[in-house]
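J.: Structure in structure tokens, see below.
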Amino acid sequence: MGYGLALALGITLPHSLPSIVPWPVSLLLAMAFAAVAVVSRKSLLCWGCLLLLGVSWSAWRIDHRLAQQLPPAWEGRTIELTGQVVGLPEMTRYGWRVEFEVDDVLTADHTLRLPSCLTLFDSRQQLPPTLLVGSHWQMQVRLKRMHSVVNPYGRELESSLWANAQLVSGQIRRTVPLSPRFSETWSIDHWRDRIRQHIAQQLPNQRYAGLVSALVIGDQQAIPAEQWQLFQRTGLIHLISISGVHLTLAAAGVAWMTALLLRGCAVQTAHRPIIAAAALLFAAVYALLAGFSVPTQRSFYMLVAVTWALSRREPWPLPKILLFAALAVLIPDPFAVLTLGFWLSFGTVAAMALAVVGYVRRPSGWRLWLDAQWGANVLTLLPVLVLFQTISWVAPLANAYAIPLIGGFATGLLLLATALPVSWALPVAHQILVWLLWPVEYIGQWPQWVMAVPEPLALLAAILGCGLLLVPFGVGGRGFAVLLLLPLFFAPPPRPALNEVWLTVLDVGQGLAVWIQTAHHSLLYDTGPRLGERDMGERVVVPQLHAAGVTQLDALILSHDDLDHVGGTAAVAAAFSVQQWLAPYRLASATQLSASFVPCRQGMVWQWDGVEFAFLHPVVGEPQRDDNGQSCVLRVRAGSQAMLLTGDITAAEEAQLVQQQPDLLRSQVLLAAHHGSRTSSSLAFLNTVAPEQVIVSVGYRNAFRHPQPQVWERFLWVAKQRWRTDRDGAIRVHLTPNQSHIHAQRAEARRYWYAASAGSGD
């Protein structure tokens, strides 16, 4: 078992490092260890050999995947290719979103290499309304490399994209249908799509039709946002996807029914292989129809291990079964370690096992069930807090109720109803599901505890405390565990010292949101964009502030009424009480503006905790300009250090500021106006501000081509360093009375697939 553990550890290790491990070096070291181990016969050397073999295997797979990335020179260029639609296409309000398996690249360039599967968006509506899974097409597409926003807190989407080999996405420009061709992938996806269509036809406009599709075939596309929020509040997110719970309970149900059918047979000893084969066959079919996610793989391989061990009459201990399942997942797919599902799936099973060991007498089934749920909830406490910044007090109750009744009974009933050739079965099963979800809907309305993400020392103490809570009864240490968990709930989040200020330019794509903190106050300058269904206020701004322990905003400044600056206002207003609203005028798109609204005007100055805030624009009584020209220009100053936030002002307003108040413009850090467009950042303005650092908040390969190349070069004429959120992630500025410091998130938490220039500030 130790050798298997060494191999698993070696496969995992390269994915936790910020740079790439050279696989030939680790392979040569592994061969050297093996040679010495053969001569000396020492197990420690064998352990080291397997560890290095795991490292070299994982590093080789990383090199291979890096080679599949789209060359930067080909981003945005038209490429002709052929292939087929795989997976389950998703119809959005803008058109199809499909996974496209590439057969051939027709573009005449031998240097172009593409990954085997692309994520394509049909915003031009080139594909038919009844798109067939497995259909073949010749397409003209424009592609771009994998990219997502990166901020200090919350889940990093790029890890999931990288783990799932979603390296390239793009827009469909033109399509030509080709003759269909059979493939194994097409066959599985075809059946999944037929089942999805059957569910949609049987449950038109039904409330939980999307959840039914998720429980039966793992398709989560039709689940509305309010149901996602319900399951998150109640700690039941894991039940939405087909996980180990569903697979294990379903396989157990098939085993029980098979045993019931075979009860009348004379030869009882022959039952076991038949029962095991029936359960495994059903589990394999269900896992394939569910998309074979990592939690599903874990459960299936654990079932295989248990069945194998029982057939040989050599029961394996749970650690051995878990290790077998982990290797079965990791050897074909080393990138599984980058998914949250891998760690939660294996960790939850281990925690449940720890929670039920150590009994002197065999407890009742209910006691085992409750203790197992206790272990699962203790293990998921910290990951849920770090990712979602909330702790659901109702999660243990909701899981104890929902796992057997929804994950087991309701899921089995829905599977049976979907397979039955009668029209009434699925609607009846859906109605039963609705009744079973009534208690979940009720307890989902109970309040949650929103907490700050703990600091590293408090987090380490909490990890140790959770570990002590899982030790068997009678071992001791549970009282000490409570002491270790206290900093998690009561330690104050970090804040700037007096006379200092922290400003974080959040990575919100093509928009702007700047979070400003002093010793006792919090201010938000703009709320990020809203583009269709993507609300960066809800996805980025609110989680970042919650993670830092912010419960209210002392001021919210909306620089002007463009949707890329105020699109997240509704989400922010719903999450925090706002003491003071400031904007150039009452914004039509921000209906939450209350009686506390004050227009921002030149000459407004106030101090918080020794830090000065001053509006330099707009001017009272000026003729009304467009929205950009009316932007609130804010200067934040701590001692001799200042940062200037300019909204979307144009060169005309910059010239006015240079003429009227050149002394007040001087700042060490400049947040460039209008995302670096050519209408702003005039040379006279830049020379007057004389920034040492320039920051641009911009979306990756945005349609406006911000920042404009000539403007980006112009920043280098006056500043030592240039930063941009699409390349560097969130930018954190720390102003003290005597100096300023800048940190980029992609440099602070570097991953091996980041570009070398990410976080460099060049």
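Chain labels follow the order of the structure tokens: the first chain is A, the next B, and so on; residue numbering restarts at 1 in every chain, and ligands are counted from 1 in their shown order.
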Any chance you could list, as a PyMOL selection string, the residues in segment 74-308 of chain A that come up alpha helix (DSSP H) when DSSP is run on the backbone?
T.: chain A and resi 157-163+184-202+209-217+225-233+237-240+244-261+271-289+294-308
J.: Find the spatial neighbours of Leu45 of chain A, counting only C-alpha atoms, within a cut-off of 12 Å - ignore same-chain residues fewer than 3 positions away - and output them as a PyMOL selection string.
T.: chain A and resi 3+6+29-42+48-52
J.: Could you list, as a list in words, every residue within 7 Å of Arg722 of chain A, counting only C-alpha atoms and ignoring same-chain residues fewer than 5 positions away?
T.: Gln693, Val694, Ile695, Phe715, Gly761 and Asp762 of chain A
J.: Applying 12 Å and only C-alpha atoms, which residues near Arg207 of chain A remain after dropping the ones on its own chain fewer than 6 positions away? List them as a list in words.
T.: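 After dropping sequence-adjacent residues, the list is Ala200, Ser213, Ala222, Ile223, Pro224, Glu226, Gln227, Pro427, His430, Gln431, Leu433, Val434, Trp435 and Leu437 of chain A.
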J.: What would the file look like if the residues just selected were written as a tab-separated table (two decimals), in the first residue's frame with C-alpha atoms?
T.:
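Writing the result to out-v8.tsv gives the following:
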chain	number	residue	atom	x	y	z
A	200	ALA	CA	-38.01	17.82	-21.54
A	213	SER	CA	-32.15	15.89	-15.91
A	222	ALA	CA	-31.48	23.70	-17.19
A	223	ILE	CA	-31.26	24.29	-13.41
A	224	PRO	CA	-32.28	27.92	-12.74
A	226	GLU	CA	-32.54	30.36	-7.68
A	227	GLN	CA	-32.35	26.56	-7.32
A	427	PRO	CA	-44.61	13.29	-14.15
A	430	HIS	CA	-41.39	14.53	-10.57
A	431	GLN	CA	-44.33	15.36	-8.30
A	433	LEU	CA	-39.60	14.92	-5.96
A	434	VAL	CA	-41.41	18.25	-5.51
A	435	TRP	CA	-43.03	16.99	-2.30
A	437	LEU	CA	-38.08	19.10	-1.66
J.: I'd like the contact shell of Gln202 of chain A - 8 Å cut-off, only C-alpha atoms, skipping same-chain residues fewer than 4 positions apart - returned as a list of chain:residue names.
T.: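 Within the cut-off, the hits are A:His198, A:Ser423, A:Leu426, A:Pro427.
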J.: Those residues with N, CA and C atoms, as a PDB file, in the first residue's frame please?
T.:
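Resulting contents of result-v5.pdb:
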ATOM      1  N   HIS A 198     -36.310  13.386 -23.910  1.00  0.00           N
ATOM      2  CA  HIS A 198     -37.465  12.690 -23.341  1.00  0.00           C
ATOM      3  C   HIS A 198     -37.926  13.361 -22.048  1.00  0.00           C
ATOM      4  N   SER A 423     -46.340   7.228 -20.287  1.00  0.00           N
ATOM      5  CA  SER A 423     -46.244   8.684 -20.252  1.00  0.00           C
ATOM      6  C   SER A 423     -46.468   9.272 -18.875  1.00  0.00           C
ATOM      7  N   LEU A 426     -42.960   9.521 -15.415  1.00  0.00           N
ATOM      8  CA  LEU A 426     -42.030  10.590 -15.088  1.00  0.00           C
ATOM      9  C   LEU A 426     -42.728  11.781 -14.421  1.00  0.00           C
ATOM     10  N   PRO A 427     -43.918  12.217 -14.883  1.00  0.00           N
ATOM     11  CA  PRO A 427     -44.607  13.293 -14.153  1.00  0.00           C
ATOM     12  C   PRO A 427     -44.931  12.925 -12.712  1.00  0.00           C
TER      13      PRO A 427
END
J.: Please indicate the distance in Å from atom CA of Leu215 of chain A to atom CA of Ala251 of chain A, rounded to one decimal place.
T.: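 That distance, rounded to one decimal, is 14.6 Å.
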J.: Rank A:Leu670, A:Val453, A:Ala287, A:Ala419 by their smallest atom-to-atom distance to Val384 of chain A, using only C-alpha atoms, and report the top residue only.
T.: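 Selected residue with least distance to Val384 of chain A: A:Val453.
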J.: To one decimal place in Å, what is the distance between atom CA of Gln510 of chain A and atom CA of Val168 of chain A?
T.: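 Spanning atom CA of Gln510 of chain A to atom CA of Val168 of chain A is a straight-line distance of 19.4 Å.
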J.: Given only C-alpha atoms, how would the per-residue table for segment 77-187 of chain A near segment 527-550 of chain A read, listing every residue at most 10 Å away with its closest atom pair and distance in Å to one decimal, sorted by chain and number, as a tab-separated table?
T.:
residue	atom	partner	partner_atom	distance
A:Thr92	CA	A:Glu533	CA	9.7
A:Arg93	CA	A:Gly532	CA	8.5
A:Tyr94	CA	A:Gly532	CA	8.9
A:Val149	CA	A:Val540	CA	8.7
A:Val150	CA	A:Val540	CA	9.3
A:Asn151	CA	A:Gln544	CA	7.8
A:Pro152	CA	A:Gln544	CA	7.3
A:Tyr153	CA	A:Gln544	CA	5.8
A:Gly154	CA	A:Pro543	CA	6.8
A:Arg155	CA	A:Pro543	CA	9.9
J.: For the residues selected in the previous step, produce a file with N, CA and C atoms as a PDB file, in the first residue's frame.
T.:
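Output below, filename selection.pdb:
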ATOM      1  N   THR A  92     -28.255  28.681 -25.132  1.00  0.00           N
ATOM      2  CA  THR A  92     -28.289  29.868 -24.306  1.00  0.00           C
ATOM      3  C   THR A  92     -29.117  30.939 -25.007  1.00  0.00           C
ATOM      4  N   ARG A  93     -29.270  32.065 -24.377  1.00  0.00           N
ATOM      5  CA  ARG A  93     -30.043  33.148 -24.984  1.00  0.00           C
ATOM      6  C   ARG A  93     -29.341  33.736 -26.197  1.00  0.00           C
ATOM      7  N   TYR A  94     -28.051  33.431 -26.365  1.00  0.00           N
ATOM      8  CA  TYR A  94     -27.285  33.955 -27.485  1.00  0.00           C
ATOM      9  C   TYR A  94     -27.017  32.908 -28.568  1.00  0.00           C
ATOM     10  N   VAL A 149     -11.154  35.097 -15.019  1.00  0.00           N
ATOM     11  CA  VAL A 149     -10.731  36.111 -14.051  1.00  0.00           C
ATOM     12  C   VAL A 149     -10.050  35.424 -12.872  1.00  0.00           C
ATOM     13  N   VAL A 150      -9.078  36.123 -12.269  1.00  0.00           N
ATOM     14  CA  VAL A 150      -8.323  35.596 -11.132  1.00  0.00           C
ATOM     15  C   VAL A 150      -8.303  36.657 -10.039  1.00  0.00           C
ATOM     16  N   ASN A 151      -8.848  36.314  -8.868  1.00  0.00           N
ATOM     17  CA  ASN A 151      -8.943  37.237  -7.745  1.00  0.00           C
ATOM     18  C   ASN A 151      -8.446  36.559  -6.474  1.00  0.00           C
ATOM     19  N   PRO A 152      -8.232  37.332  -5.395  1.00  0.00           N
ATOM     20  CA  PRO A 152      -7.627  36.744  -4.188  1.00  0.00           C
ATOM     21  C   PRO A 152      -8.431  35.615  -3.565  1.00  0.00           C
ATOM     22  N   TYR A 153      -9.770  35.685  -3.614  1.00  0.00           N
ATOM     23  CA  TYR A 153     -10.596  34.698  -2.931  1.00  0.00           C
ATOM     24  C   TYR A 153     -11.517  34.005  -3.921  1.00  0.00           C
ATOM     25  N   GLY A 154     -12.097  32.904  -3.461  1.00  0.00           N
ATOM     26  CA  GLY A 154     -13.065  32.187  -4.272  1.00  0.00           C
ATOM     27  C   GLY A 154     -12.413  31.138  -5.148  1.00  0.00           C
ATOM     28  N   ARG A 155     -13.257  30.467  -5.910  1.00  0.00           N
ATOM     29  CA  ARG A 155     -12.810  29.365  -6.750  1.00  0.00           C
ATOM     30  C   ARG A 155     -12.177  29.889  -8.030  1.00  0.00           C
TER      31      ARG A 155
END
J.: Can you tell me, as a ChimeraX atom specification, which residues in segment 508-691 of chain A count as strand (DSSP E) by DSSP?
T.: /A:514-517,522-525,530-531,534-535,552-553,555-557,577-578,581-583,597-599,605-608,611-617,633-638,641-645,669-671
J.: So that I can see what lies close to Ala400 of chain A, please list as a short mmCIF file (atom, residue, chain, number, x, y, z; two decimals) with N, CA and C atoms, in the first residue's frame the residues with an atom at most 10 Å from it, counting only C-alpha atoms and leaving out residues fewer than 6 positions away in the same chain.
T.:
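result_18.cif, written as the output of this step:
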data_model
loop_
_atom_site.label_atom_id
_atom_site.label_comp_id
_atom_site.auth_asym_id
_atom_site.auth_seq_id
_atom_site.Cartn_x
_atom_site.Cartn_y
_atom_site.Cartn_z
N TRP A 369 -25.21 6.17 10.59
CA TRP A 369 -25.58 7.14 9.57
C TRP A 369 -25.32 8.57 10.06
N LEU A 370 -25.74 8.86 11.29
CA LEU A 370 -25.56 10.22 11.82
C LEU A 370 -24.09 10.56 12.01
N ALA A 372 -21.59 9.28 10.32
CA ALA A 372 -21.01 9.45 9.00
C ALA A 372 -21.33 10.84 8.46
N GLN A 373 -22.55 11.31 8.66
CA GLN A 373 -22.91 12.65 8.22
C GLN A 373 -22.12 13.72 8.99
N TRP A 374 -21.87 13.46 10.27
CA TRP A 374 -21.05 14.38 11.06
C TRP A 374 -19.65 14.50 10.45
#
